[in-house]
$ cat input.pdb   # PDB, C-alpha atoms and all ligand atoms
ATOM      1  CA  MET A   1     111.720  65.741 116.140
ATOM      2  CA  THR A   2     108.988  64.041 118.211
ATOM      3  CA  ASN A   3     105.337  64.573 117.435
ATOM      4  CA  ASN A   4     105.108  66.827 120.499
ATOM      5  CA  THR A   5     107.986  69.105 119.543
ATOM      6  CA  ARG A   6     106.688  69.234 115.966
ATOM      7  CA  ALA A   7     103.267  70.285 117.211
ATOM      8  CA  HIS A   8     104.886  72.854 119.504
ATOM      9  CA  ALA A   9     106.960  74.277 116.628
ATOM     10  CA  ALA A  10     103.844  74.474 114.431
ATOM     11  CA  THR A  11     101.931  76.287 117.179
ATOM     12  CA  LYS A  12     104.819  78.705 117.665
ATOM     13  CA  GLU A  13     104.863  79.415 113.946
ATOM     14  CA  ARG A  14     101.114  80.032 113.897
ATOM     15  CA  THR A  15     101.147  82.311 116.938
ATOM     16  CA  VAL A  16     104.051  84.532 115.853
ATOM     17  CA  TRP A  17     103.135  88.085 116.819
ATOM     18  CA  ARG A  18     102.816  90.395 113.864
ATOM     19  CA  PRO A  19     102.163  94.123 114.065
ATOM     20  CA  ARG A  20      99.158  95.324 112.032
ATOM     21  CA  PRO A  21     100.185  98.883 111.136
ATOM     22  CA  PHE A  22      97.580  99.356 108.405
ATOM     23  CA  ASP A  23      94.706  98.326 110.665
ATOM     24  CA  ASP A  24      95.986 100.728 113.339
ATOM     25  CA  MET A  25      96.250 103.529 110.780
ATOM     26  CA  LEU A  26      92.731 102.822 109.461
ATOM     27  CA  GLN A  27      91.349 102.912 113.003
ATOM     28  CA  THR A  28      93.092 106.214 113.741
ATOM     29  CA  PHE A  29      91.634 107.590 110.523
ATOM     30  CA  ARG A  30      88.132 106.313 111.386
ATOM     31  CA  ARG A  31      88.246 107.984 114.808
ATOM     32  CA  GLY A  32      89.405 111.235 113.198
ATOM     33  CA  ASP A  33      92.410 111.369 115.539
ATOM     34  CA  PRO A  34      95.236 113.755 114.675
ATOM     35  CA  LEU A  35      97.635 112.410 112.117
ATOM     36  CA  SER A  36      99.916 109.733 113.542
ATOM     37  CA  ARG A  37     103.235 109.150 111.783
ATOM     38  CA  CYS A  38     102.936 108.459 108.082
ATOM     39  CA  LEU A  39     103.703 104.754 107.541
ATOM     40  CA  VAL A  40     106.673 103.605 105.484
ATOM     41  CA  MET A  41     106.062 100.724 103.074
ATOM     42  CA  GLY A  42     109.286  99.207 101.703
ATOM     43  CA  VAL A  43     109.257  98.031  98.074
ATOM     44  CA  LEU A  44     110.338  94.459  97.338
ATOM     45  CA  ASN A  45     109.999  93.722  93.618
ATOM     46  CA  ILE A  46     110.702  90.109  92.693
ATOM     47  CA  THR A  47     110.823  90.863  88.987
ATOM     48  CA  PRO A  48     113.521  90.838  86.324
ATOM     49  CA  ASP A  49     112.483  94.213  84.919
ATOM     50  CA  SER A  50     111.118  96.737  87.480
ATOM     51  CA  PHE A  51     112.717 100.083  86.668
ATOM     52  CA  SER A  52     114.573 100.537  89.952
ATOM     53  CA  ASP A  53     115.270  97.153  91.553
ATOM     54  CA  GLY A  54     114.472  94.757  88.679
ATOM     55  CA  GLY A  55     116.505  91.531  88.755
ATOM     56  CA  ARG A  56     118.073  92.079  92.177
ATOM     57  CA  TYR A  57     115.780  89.931  94.297
ATOM     58  CA  LEU A  58     114.753  87.031  92.055
ATOM     59  CA  ALA A  59     116.336  84.407  94.350
ATOM     60  CA  LEU A  60     114.299  83.560  97.461
ATOM     61  CA  ASP A  61     117.152  84.108  99.925
ATOM     62  CA  THR A  62     118.134  87.536  98.545
ATOM     63  CA  ALA A  63     114.483  88.639  98.442
ATOM     64  CA  VAL A  64     113.826  87.552 102.027
ATOM     65  CA  ALA A  65     117.108  89.087 103.219
ATOM     66  CA  HIS A  66     116.178  92.407 101.607
ATOM     67  CA  GLY A  67     112.673  92.299 103.108
ATOM     68  CA  ARG A  68     114.156  91.653 106.546
ATOM     69  CA  ALA A  69     116.737  94.401 106.068
ATOM     70  CA  MET A  70     113.961  96.884 105.222
ATOM     71  CA  ALA A  71     111.998  95.817 108.312
ATOM     72  CA  ASP A  72     115.158  96.201 110.435
ATOM     73  CA  ALA A  73     115.634  99.674 108.951
ATOM     74  CA  GLY A  74     112.157 100.585 110.203
ATOM     75  CA  ALA A  75     109.742  99.729 107.373
ATOM     76  CA  ASP A  76     106.247  99.362 108.825
ATOM     77  CA  ILE A  77     105.220  97.130 105.920
ATOM     78  CA  VAL A  78     107.080  95.244 103.188
ATOM     79  CA  ASP A  79     105.248  95.348  99.830
ATOM     80  CA  VAL A  80     105.965  92.194  97.827
ATOM     81  CA  GLY A  81     105.301  92.282  94.079
ATOM     82  CA  GLY A  82     106.031  89.772  91.326
ATOM     83  CA  GLU A  83     104.840  91.641  88.245
ATOM     84  CA  SER A  84     106.532  94.755  86.905
ATOM     85  CA  THR A  85     104.263  97.719  86.169
ATOM     86  CA  ARG A  86     106.923  99.985  84.691
ATOM     87  CA  PRO A  87     105.750 101.821  81.558
ATOM     88  CA  GLY A  88     105.652  99.401  78.621
ATOM     89  CA  ALA A  89     105.738  96.226  80.782
ATOM     90  CA  GLN A  90     103.892  93.154  79.454
ATOM     91  CA  ARG A  91     101.691  90.994  81.691
ATOM     92  CA  ILE A  92     103.120  87.729  83.047
ATOM     93  CA  SER A  93     101.248  84.506  83.838
ATOM     94  CA  ALA A  94      99.555  83.936  87.190
ATOM     95  CA  ALA A  95     101.739  80.849  87.692
ATOM     96  CA  THR A  96     104.937  82.889  87.323
ATOM     97  CA  GLU A  97     103.641  85.572  89.663
ATOM     98  CA  LEU A  98     102.641  83.013  92.296
ATOM     99  CA  ARG A  99     105.998  81.241  92.044
ATOM    100  CA  ARG A 100     107.845  84.514  92.611
ATOM    101  CA  VAL A 101     105.872  85.982  95.484
ATOM    102  CA  ILE A 102     104.353  83.260  97.676
ATOM    103  CA  PRO A 103     107.541  81.793  99.228
ATOM    104  CA  VAL A 104     108.776  85.317 100.011
ATOM    105  CA  VAL A 105     105.465  86.371 101.580
ATOM    106  CA  ARG A 106     105.419  83.189 103.663
ATOM    107  CA  ASP A 107     108.978  83.643 104.981
ATOM    108  CA  LEU A 108     108.605  87.354 105.789
ATOM    109  CA  ALA A 109     105.231  86.867 107.472
ATOM    110  CA  ALA A 110     106.631  83.961 109.506
ATOM    111  CA  ALA A 111     109.391  86.305 110.667
ATOM    112  CA  GLY A 112     106.731  88.628 112.136
ATOM    113  CA  ILE A 113     106.892  91.244 109.369
ATOM    114  CA  ALA A 114     103.736  92.988 108.134
ATOM    115  CA  VAL A 115     103.492  92.187 104.432
ATOM    116  CA  SER A 116     101.355  93.608 101.650
ATOM    117  CA  ILE A 117     100.917  91.891  98.312
ATOM    118  CA  ASP A 118     101.252  94.090  95.232
ATOM    119  CA  THR A 119      99.118  92.345  92.621
ATOM    120  CA  MET A 120      96.328  92.876  90.107
ATOM    121  CA  ARG A 121      95.166  89.240  90.368
ATOM    122  CA  ALA A 122      92.572  87.915  92.828
ATOM    123  CA  GLU A 123      94.169  84.481  92.700
ATOM    124  CA  VAL A 124      97.547  85.885  93.788
ATOM    125  CA  ALA A 125      95.969  88.112  96.444
ATOM    126  CA  MET A 126      94.144  85.131  97.984
ATOM    127  CA  ALA A 127      97.222  82.896  97.964
ATOM    128  CA  ALA A 128      99.326  85.677  99.485
ATOM    129  CA  VAL A 129      96.814  86.372 102.259
ATOM    130  CA  SER A 130      96.725  82.638 103.029
ATOM    131  CA  ALA A 131     100.534  82.767 103.211
ATOM    132  CA  GLY A 132     100.373  85.618 105.748
ATOM    133  CA  ALA A 133     100.012  88.899 103.804
ATOM    134  CA  GLN A 134      97.825  91.441 105.629
ATOM    135  CA  ILE A 135      97.132  93.997 102.905
ATOM    136  CA  VAL A 136      96.234  93.824  99.220
ATOM    137  CA  ASN A 137      97.844  96.573  97.125
ATOM    138  CA  ASP A 138      96.346  96.642  93.629
ATOM    139  CA  VAL A 139      97.680  99.241  91.171
ATOM    140  CA  SER A 140      94.475  98.778  89.154
ATOM    141  CA  GLY A 141      92.232  99.346  92.183
ATOM    142  CA  GLY A 142      90.420  96.105  91.341
ATOM    143  CA  ALA A 143      89.761  97.100  87.712
ATOM    144  CA  ALA A 144      92.141  94.610  86.063
ATOM    145  CA  ASP A 145      90.556  91.471  87.527
ATOM    146  CA  PRO A 146      86.765  91.299  87.957
ATOM    147  CA  ALA A 147      87.266  88.720  90.739
ATOM    148  CA  MET A 148      89.450  91.007  92.894
ATOM    149  CA  ALA A 149      86.718  92.964  94.707
ATOM    150  CA  ARG A 150      84.834  89.829  95.838
ATOM    151  CA  ALA A 151      88.075  88.196  96.934
ATOM    152  CA  VAL A 152      89.056  91.231  99.030
ATOM    153  CA  ALA A 153      85.534  91.392 100.481
ATOM    154  CA  GLU A 154      85.689  87.753 101.520
ATOM    155  CA  MET A 155      89.169  88.085 103.029
ATOM    156  CA  HIS A 156      88.306  91.374 104.856
ATOM    157  CA  ALA A 157      91.764  92.599 103.902
ATOM    158  CA  PRO A 158      92.683  96.280 103.842
ATOM    159  CA  PHE A 159      92.823  97.269 100.163
ATOM    160  CA  VAL A 160      94.964  99.902  98.441
ATOM    161  CA  ALA A 161      93.008 101.151  95.420
ATOM    162  CA  MET A 162      95.300 103.022  93.081
ATOM    163  CA  HIS A 163      94.114 105.284  90.265
ATOM    164  CA  TRP A 164      94.667 103.340  87.038
ATOM    165  CA  ARG A 165      93.387 103.684  83.529
ATOM    166  CA  ALA A 166      95.047 100.977  81.444
ATOM    167  CA  PRO A 167      97.688  98.232  81.505
ATOM    168  CA  SER A 168     101.320  99.352  81.646
ATOM    169  CA  ASP A 169     102.068  98.599  77.977
ATOM    170  CA  VAL A 170      99.556 101.252  76.855
ATOM    171  CA  MET A 171      99.139 103.506  79.905
ATOM    172  CA  ASP A 172     101.163 106.408  78.510
ATOM    173  CA  GLN A 173      98.543 106.758  75.728
ATOM    174  CA  HIS A 174      95.949 107.429  78.452
ATOM    175  CA  ALA A 175      97.726 110.396  80.068
ATOM    176  CA  HIS A 176      95.130 112.908  78.838
ATOM    177  CA  TYR A 177      92.726 114.717  81.152
ATOM    178  CA  ALA A 178      90.102 117.027  79.679
ATOM    179  CA  GLY A 179      89.919 119.315  82.727
ATOM    180  CA  ASP A 180      91.595 119.464  86.114
ATOM    181  CA  VAL A 181      93.621 116.266  86.633
ATOM    182  CA  VAL A 182      93.055 116.294  90.411
ATOM    183  CA  GLU A 183      89.282 116.427  89.939
ATOM    184  CA  ALA A 184      89.382 113.749  87.245
ATOM    185  CA  VAL A 185      91.471 111.380  89.377
ATOM    186  CA  GLY A 186      89.144 112.058  92.341
ATOM    187  CA  ASP A 187      86.059 111.301  90.187
ATOM    188  CA  GLU A 188      87.545 108.103  88.781
ATOM    189  CA  LEU A 189      88.669 106.902  92.222
ATOM    190  CA  ALA A 190      85.199 107.685  93.636
ATOM    191  CA  ARG A 191      83.612 105.489  90.938
ATOM    192  CA  ARG A 192      86.147 102.729  91.714
ATOM    193  CA  ILE A 193      85.301 102.909  95.435
ATOM    194  CA  ASP A 194      81.588 102.619  94.563
ATOM    195  CA  ALA A 195      82.271  99.522  92.443
ATOM    196  CA  LEU A 196      84.391  97.953  95.196
ATOM    197  CA  CYS A 197      81.773  98.612  97.860
ATOM    198  CA  ALA A 198      78.998  97.276  95.591
ATOM    199  CA  ALA A 199      80.963  94.012  95.459
ATOM    200  CA  GLY A 200      81.120  93.890  99.271
ATOM    201  CA  VAL A 201      84.444  95.584 100.096
ATOM    202  CA  GLU A 202      84.183  97.562 103.339
ATOM    203  CA  PHE A 203      84.544 101.304 102.717
ATOM    204  CA  ASP A 204      86.502 101.593 105.975
ATOM    205  CA  ARG A 205      89.177  99.206 104.723
ATOM    206  CA  ILE A 206      90.001 101.111 101.519
ATOM    207  CA  VAL A 207      93.095 103.285 101.140
ATOM    208  CA  VAL A 208      93.377 105.394  97.984
ATOM    209  CA  ASP A 209      96.447 106.187  95.889
ATOM    210  CA  PRO A 210      96.583 108.811  93.098
ATOM    211  CA  GLY A 211      98.801 106.501  91.004
ATOM    212  CA  ILE A 212     101.844 108.677  90.455
ATOM    213  CA  GLY A 213     103.357 107.878  87.046
ATOM    214  CA  PHE A 214     100.454 105.703  85.894
ATOM    215  CA  ALA A 215      98.821 107.351  82.857
ATOM    216  CA  LYS A 216     100.217 110.677  84.126
ATOM    217  CA  ASN A 217     102.779 113.078  82.750
ATOM    218  CA  PRO A 218     105.067 115.114  85.064
ATOM    219  CA  VAL A 219     102.605 118.030  85.202
ATOM    220  CA  HIS A 220      99.858 115.642  86.306
ATOM    221  CA  ASN A 221     102.132 114.038  88.917
ATOM    222  CA  TRP A 222     103.115 117.356  90.500
ATOM    223  CA  ALA A 223      99.513 118.590  90.511
ATOM    224  CA  LEU A 224      98.388 115.445  92.319
ATOM    225  CA  LEU A 225     101.245 115.522  94.839
ATOM    226  CA  SER A 226     100.817 119.187  95.656
ATOM    227  CA  ARG A 227      97.042 118.762  96.156
ATOM    228  CA  LEU A 228      96.951 115.503  98.139
ATOM    229  CA  PRO A 229      94.696 116.906 100.889
ATOM    230  CA  GLU A 230      91.974 117.580  98.282
ATOM    231  CA  ILE A 231      92.023 113.921  97.216
ATOM    232  CA  GLY A 232      91.864 112.581 100.768
ATOM    233  CA  ASP A 233      89.100 115.018 101.786
ATOM    234  CA  ARG A 234      87.060 114.450  98.655
ATOM    235  CA  LEU A 235      87.090 110.643  99.049
ATOM    236  CA  ASP A 236      87.147 110.586 102.852
ATOM    237  CA  ARG A 237      89.824 107.897 102.694
ATOM    238  CA  PRO A 238      93.479 107.720 103.817
ATOM    239  CA  VAL A 239      95.966 108.374 101.012
ATOM    240  CA  LEU A 240      99.066 106.338 100.091
ATOM    241  CA  VAL A 241     101.718 107.833  97.810
ATOM    242  CA  GLY A 242     104.118 105.883  95.586
ATOM    243  CA  ALA A 243     106.566 108.313  93.982
ATOM    244  CA  SER A 244     109.816 106.567  94.876
ATOM    245  CA  ARG A 245     112.553 106.860  92.213
ATOM    246  CA  LYS A 246     110.001 107.501  89.469
ATOM    247  CA  ARG A 247     110.939 109.004  86.068
ATOM    248  CA  PHE A 248     109.375 112.432  86.619
ATOM    249  CA  LEU A 249     111.720 113.005  89.602
ATOM    250  CA  ARG A 250     114.803 112.574  87.422
ATOM    251  CA  ARG A 251     113.516 115.190  85.014
ATOM    252  CA  ALA A 252     112.697 117.549  87.871
ATOM    253  CA  VAL A 253     115.900 117.303  89.910
ATOM    254  CA  GLY A 254     118.393 116.508  87.153
ATOM    255  CA  VAL A 255     120.585 114.147  89.204
ATOM    256  CA  PRO A 256     120.827 110.365  88.814
ATOM    257  CA  ASP A 257     120.358 109.526  92.533
ATOM    258  CA  LEU A 258     116.634 109.860  93.086
ATOM    259  CA  ASP A 259     116.513 108.890  96.766
ATOM    260  CA  ALA A 260     117.124 112.445  97.993
ATOM    261  CA  ALA A 261     114.292 113.717  95.788
ATOM    262  CA  THR A 262     112.076 110.872  97.011
ATOM    263  CA  THR A 263     112.692 111.714 100.671
ATOM    264  CA  SER A 264     111.722 115.336 100.000
ATOM    265  CA  VAL A 265     108.510 114.153  98.369
ATOM    266  CA  SER A 266     107.824 111.865 101.346
ATOM    267  CA  ALA A 267     108.253 114.691 103.871
ATOM    268  CA  LEU A 268     105.965 116.973 101.875
ATOM    269  CA  ALA A 269     103.436 114.195 101.214
ATOM    270  CA  ALA A 270     103.307 113.403 104.934
ATOM    271  CA  LEU A 271     102.735 117.084 105.677
ATOM    272  CA  GLY A 272     100.018 116.992 103.010
ATOM    273  CA  GLY A 273      98.250 114.283 105.004
ATOM    274  CA  ALA A 274      99.504 111.093 103.314
ATOM    275  CA  ARG A 275      99.149 108.147 105.706
ATOM    276  CA  CYS A 276     101.671 105.903 103.940
ATOM    277  CA  VAL A 277     104.551 106.262 101.481
ATOM    278  CA  ARG A 278     105.743 103.356  99.329
ATOM    279  CA  VAL A 279     109.524 103.660  98.968
ATOM    280  CA  HIS A 280     112.743 101.831  98.096
ATOM    281  CA  ASP A 281     115.102 103.578 100.555
ATOM    282  CA  VAL A 282     113.510 102.898 103.929
ATOM    283  CA  SER A 283     115.869 104.677 106.330
ATOM    284  CA  GLY A 284     115.970 107.957 104.381
ATOM    285  CA  ASN A 285     112.197 108.057 103.987
ATOM    286  CA  LEU A 286     111.587 107.077 107.606
ATOM    287  CA  ALA A 287     113.700 110.080 108.602
ATOM    288  CA  ALA A 288     111.660 112.234 106.223
ATOM    289  CA  VAL A 289     108.276 111.223 107.641
ATOM    290  CA  ARG A 290     109.611 111.628 111.196
ATOM    291  CA  VAL A 291     110.687 115.174 110.360
ATOM    292  CA  ALA A 292     107.204 115.804 108.973
ATOM    293  CA  GLU A 293     105.646 114.388 112.156
ATOM    294  CA  HIS A 294     107.710 116.759 114.337
ATOM    295  CA  TRP A 295     107.033 119.649 111.990
ATOM    296  CA  ALA A 296     103.270 119.100 112.215
ATOM    297  CA  SER A 297     103.241 118.602 115.981
ATOM    298  CA  GLY A 298     105.500 121.679 116.364
ATOM    299  CA  ALA A 299     102.915 123.690 114.490
ATOM    300  CA  ARG A 300     100.097 122.306 116.684
ATOM    301  CA  ARG A 301     102.031 122.853 119.951
ATOM    302  CA  SER A 302     103.151 126.384 119.110
ATOM    303  CA  THR A 303      99.544 127.521 119.332
ATOM    304  CA  HIS A 304      99.456 126.321 122.996
ATOM    305  CA  ARG A 305     101.770 127.247 125.855
ATOM    306  CA  VAL A 306     104.458 124.557 126.453
TER     307      VAL A 306
HETATM  308  N1  LIG A 401     103.998 101.934  91.889
HETATM  309  C1  LIG A 401     104.563 100.814  91.432
HETATM  310  C2  LIG A 401     104.159  99.546  91.892
HETATM  311  N2  LIG A 401     103.187  99.439  92.836
HETATM  312  N3  LIG A 401     101.633 100.459  94.269
HETATM  313  C3  LIG A 401     101.037 101.566  94.721
HETATM  314  N4  LIG A 401     100.039 101.462  95.635
HETATM  315  N5  LIG A 401     101.378 102.808  94.288
HETATM  316  C4  LIG A 401     102.356 102.995  93.353
HETATM  317  O1  LIG A 401     102.618 104.152  92.977
HETATM  318  C5  LIG A 401     103.007 101.849  92.834
HETATM  319  C6  LIG A 401     102.607 100.563  93.327
HETATM  320  C7  LIG A 401     105.642 100.902  90.396
HETATM  321  O2  LIG A 401     106.850 101.279  90.972
HETATM  322  P1  LIG A 401     108.035 100.215  91.299
HETATM  323  O3  LIG A 401     108.455  99.619  89.985
HETATM  324  O4  LIG A 401     109.095 101.001  91.950
HETATM  325  O5  LIG A 401     107.509  99.151  92.197
END
$ encode --input "input.pdb" --output "structure tokens"
Amino acid sequence: MTNNTRAHAATKERTVWRPRPFDDMLQTFRRGDPLSRCLVMGVLNITPDSFSDGGRYLALDTAVAHGRAMADAGADIVDVGGESTRPGAQRISAATELRRVIPVVRDLAAAGIAVSIDTMRAEVAMAAVSAGAQIVNDVSGGAADPAMARAVAEMHAPFVAMHWRAPSDVMDQHAHYAGDVVEAVGDELARRIDALCAAGVEFDRIVVDPGIGFAKNPVHNWALLSRLPEIGDRLDRPVLVGASRKRFLRRAVGVPDLDAATTSVSALAALGGARCVRVHDVSGNLAAVRVAEHWASGARRSTHRV
């Protein structure tokens, strides 16, 4: 390769066009436009022990192939995570997390795919954004790492702040709410948003998540899902829902294949105003949110003459 062709290849790599679905969604939300289609975020866990896909994508080529396959199936965003947060999971080192996620983020972003980084560490978030990630998805909402809020503020990245009370190894001990769980989660998320904004994070770039399955029992999860509009209205922020294949669904539906239950939740969540669902089965959930989109626009149109 000559110096010229090398420079040309480098320029091409830098200028690869990448959709920015989260920014578009945040803008739509800011303008108060009617709900556009709920986004579909595909889950890519590069971990040995996540409860659904643990161990399947530890090799770089299989991880990248699965990320690409989800994008081909219609995922708006691929969410790359290197640390399991299943109940009981122990923390891993930053070095291990970086080694797992950064090459995958780099390859998917270079392929023009919108990537989010699922991490509780500022160091990992910054490295992932440098490698091409557009969104920081933190299950602790910035509470696990005191450096996260400043890092997000400096990077101007959209930030998913999930409701979280404690690390995964002890979170089940924190599934107690004195009063109404929906009010409590709303209050705790409101305090988290205040802390993030005090550290410089732009309010307009925050997306909230009720944290299904995190320090919640099934009753809490169903209350939060069935009252999503209250959470979004109370916080004046778009809502993301991550219920895919989670334990409480198995108990509720009583069948081992949880993708059908997840797609039902996605359709109902989208009708309840969720702006993004984080899921394993992209095509099924894309169909679900498209049905919800038509359902909602059918309801709007039926009040006018067509
Ligand atoms: N759940 C998991 C991991 N990351 N991120 C957000 N924003 N919301 C979630 O509910 C969420 C998340 C754990 O589930 P997994 O093991 O299937 O990734």
$ closest_atom_pairs --input "input.pdb" --of "chain A" --to "ligand LIG 401 (chain A)" --cutoff "8 Å" --atoms "only C-alpha atoms and all ligand atoms" --output "Markdown table"
| residue | atom | partner | partner_atom | distance |
| --- | --- | --- | --- | --- |
| A:Val43 | CA | A:LIG401 | O5 | 6.2 |
| A:Leu44 | CA | A:LIG401 | O5 | 7.5 |
| A:Asn45 | CA | A:LIG401 | O5 | 6.1 |
| A:Ser50 | CA | A:LIG401 | O3 | 4.7 |
| A:Phe51 | CA | A:LIG401 | O3 | 5.4 |
| A:Ser52 | CA | A:LIG401 | O4 | 5.8 |
| A:Asp53 | CA | A:LIG401 | O4 | 7.3 |
| A:Gly54 | CA | A:LIG401 | O3 | 7.8 |
| A:Gly81 | CA | A:LIG401 | O5 | 7.5 |
| A:Ser84 | CA | A:LIG401 | O3 | 6.1 |
| A:Thr85 | CA | A:LIG401 | C7 | 5.5 |
| A:Arg86 | CA | A:LIG401 | O3 | 5.5 |
| A:Asp118 | CA | A:LIG401 | N2 | 6.2 |
| A:Asn137 | CA | A:LIG401 | N4 | 5.6 |
| A:Asp138 | CA | A:LIG401 | N4 | 6.4 |
| A:Val139 | CA | A:LIG401 | N3 | 5.2 |
| A:Val160 | CA | A:LIG401 | N4 | 6.0 |
| A:Ala161 | CA | A:LIG401 | N4 | 7.0 |
| A:Met162 | CA | A:LIG401 | N4 | 5.6 |
| A:Asp209 | CA | A:LIG401 | N4 | 5.9 |
| A:Pro210 | CA | A:LIG401 | O1 | 7.6 |
| A:Gly211 | CA | A:LIG401 | O1 | 4.9 |
| A:Ile212 | CA | A:LIG401 | O1 | 5.2 |
| A:Gly213 | CA | A:LIG401 | O1 | 7.0 |
| A:Phe214 | CA | A:LIG401 | O1 | 7.6 |
| A:Leu240 | CA | A:LIG401 | N4 | 6.7 |
| A:Val241 | CA | A:LIG401 | O1 | 6.1 |
| A:Gly242 | CA | A:LIG401 | O1 | 3.5 |
| A:Ala243 | CA | A:LIG401 | O1 | 5.8 |
| A:Ser244 | CA | A:LIG401 | O4 | 6.3 |
| A:Arg245 | CA | A:LIG401 | O4 | 6.8 |
| A:Lys246 | CA | A:LIG401 | O4 | 7.0 |
| A:Arg278 | CA | A:LIG401 | N5 | 6.7 |
| A:Val279 | CA | A:LIG401 | O4 | 7.5 |
| A:His280 | CA | A:LIG401 | O4 | 7.2 |
$ write_last_selection --input "input.pdb" --atoms "C-alpha atoms" --output "PDB file, in the coordinates of the input"
ATOM      1  CA  VAL A  43     109.257  98.031  98.074  1.00  0.00           C
ATOM      2  CA  LEU A  44     110.338  94.459  97.338  1.00  0.00           C
ATOM      3  CA  ASN A  45     109.999  93.722  93.618  1.00  0.00           C
ATOM      4  CA  SER A  50     111.118  96.737  87.480  1.00  0.00           C
ATOM      5  CA  PHE A  51     112.717 100.083  86.668  1.00  0.00           C
ATOM      6  CA  SER A  52     114.573 100.537  89.952  1.00  0.00           C
ATOM      7  CA  ASP A  53     115.270  97.153  91.553  1.00  0.00           C
ATOM      8  CA  GLY A  54     114.472  94.757  88.679  1.00  0.00           C
ATOM      9  CA  GLY A  81     105.301  92.282  94.079  1.00  0.00           C
ATOM     10  CA  SER A  84     106.532  94.755  86.905  1.00  0.00           C
ATOM     11  CA  THR A  85     104.263  97.719  86.169  1.00  0.00           C
ATOM     12  CA  ARG A  86     106.923  99.985  84.691  1.00  0.00           C
ATOM     13  CA  ASP A 118     101.252  94.090  95.232  1.00  0.00           C
ATOM     14  CA  ASN A 137      97.844  96.573  97.125  1.00  0.00           C
ATOM     15  CA  ASP A 138      96.346  96.642  93.629  1.00  0.00           C
ATOM     16  CA  VAL A 139      97.680  99.241  91.171  1.00  0.00           C
ATOM     17  CA  VAL A 160      94.964  99.902  98.441  1.00  0.00           C
ATOM     18  CA  ALA A 161      93.008 101.151  95.420  1.00  0.00           C
ATOM     19  CA  MET A 162      95.300 103.022  93.081  1.00  0.00           C
ATOM     20  CA  ASP A 209      96.447 106.187  95.889  1.00  0.00           C
ATOM     21  CA  PRO A 210      96.583 108.811  93.098  1.00  0.00           C
ATOM     22  CA  GLY A 211      98.801 106.501  91.004  1.00  0.00           C
ATOM     23  CA  ILE A 212     101.844 108.677  90.455  1.00  0.00           C
ATOM     24  CA  GLY A 213     103.357 107.878  87.046  1.00  0.00           C
ATOM     25  CA  PHE A 214     100.454 105.703  85.894  1.00  0.00           C
ATOM     26  CA  LEU A 240      99.066 106.338 100.091  1.00  0.00           C
ATOM     27  CA  VAL A 241     101.718 107.833  97.810  1.00  0.00           C
ATOM     28  CA  GLY A 242     104.118 105.883  95.586  1.00  0.00           C
ATOM     29  CA  ALA A 243     106.566 108.313  93.982  1.00  0.00           C
ATOM     30  CA  SER A 244     109.816 106.567  94.876  1.00  0.00           C
ATOM     31  CA  ARG A 245     112.553 106.860  92.213  1.00  0.00           C
ATOM     32  CA  LYS A 246     110.001 107.501  89.469  1.00  0.00           C
ATOM     33  CA  ARG A 278     105.743 103.356  99.329  1.00  0.00           C
ATOM     34  CA  VAL A 279     109.524 103.660  98.968  1.00  0.00           C
ATOM     35  CA  HIS A 280     112.743 101.831  98.096  1.00  0.00           C
TER      36      HIS A 280
END
$ residues_around --input "input.pdb" --residues "A:His174" --least-positions-apart "4" --cutoff "9 Å" --atoms "all atoms listed in the file" --output "list of chain:residue names"
A:Arg165, A:Ala166, A:Val170, A:Phe214, A:Ala215, A:Lys216
$ residues_near_point --input "input.pdb" --point "(102.7, 96.4, 106.5)" --cutoff "10 Å" --atoms "all atoms listed in the file" --output "PyMOL selection string"
chain A and resi 18-23+39-42+71+75-79+109+113-117+133-135+276
$ residues_near_point --input "input.pdb" --point "(102.7, 86.1, 86.6)" --cutoff "10 Å" --atoms "only C-alpha atoms" --output "short mmCIF file (atom, residue, chain, number, x, y, z; two decimals) with C-alpha atoms, in the frame of the given file"
data_model
loop_
_atom_site.label_atom_id
_atom_site.label_comp_id
_atom_site.auth_asym_id
_atom_site.auth_seq_id
_atom_site.Cartn_x
_atom_site.Cartn_y
_atom_site.Cartn_z
CA THR A 47 110.82 90.86 88.99
CA GLY A 82 106.03 89.77 91.33
CA GLU A 83 104.84 91.64 88.24
CA SER A 84 106.53 94.76 86.90
CA ARG A 91 101.69 90.99 81.69
CA ILE A 92 103.12 87.73 83.05
CA SER A 93 101.25 84.51 83.84
CA ALA A 94 99.56 83.94 87.19
CA ALA A 95 101.74 80.85 87.69
CA THR A 96 104.94 82.89 87.32
CA GLU A 97 103.64 85.57 89.66
CA LEU A 98 102.64 83.01 92.30
CA ARG A 99 106.00 81.24 92.04
CA ARG A 100 107.84 84.51 92.61
CA VAL A 101 105.87 85.98 95.48
CA THR A 119 99.12 92.34 92.62
CA MET A 120 96.33 92.88 90.11
CA ARG A 121 95.17 89.24 90.37
CA VAL A 124 97.55 85.88 93.79
#
$ resolve_selection --input "input.pdb" --expression "the PyMOL selection byres (((chain A and resi 190) around 12) and not hetatm)" --output "PyMOL selection string"
chain A and resi 141+161-163+183-189+191-197+203+206-210+231-237
$ resolve_selection --input "input.pdb" --expression "the PyMOL selection byres (((chain A and resi 250-262) around 10) and not hetatm)" --output "MDAnalysis selection string"
chainID A and resid 218 222 242:249 263:268 277 279:282 284:285 288
$ residues_around --input "input.pdb" --residues "A:Gly200" --least-positions-apart "6" --cutoff "8 Å" --atoms "all atoms listed in the file" --output "short mmCIF file (atom, residue, chain, number, x, y, z; two decimals) with C-alpha atoms, in the coordinates of the input"
data_model
loop_
_atom_site.label_atom_id
_atom_site.label_comp_id
_atom_site.auth_asym_id
_atom_site.auth_seq_id
_atom_site.Cartn_x
_atom_site.Cartn_y
_atom_site.Cartn_z
CA ALA A 149 86.72 92.96 94.71
CA ARG A 150 84.83 89.83 95.84
CA ALA A 153 85.53 91.39 100.48
CA GLU A 154 85.69 87.75 101.52
#
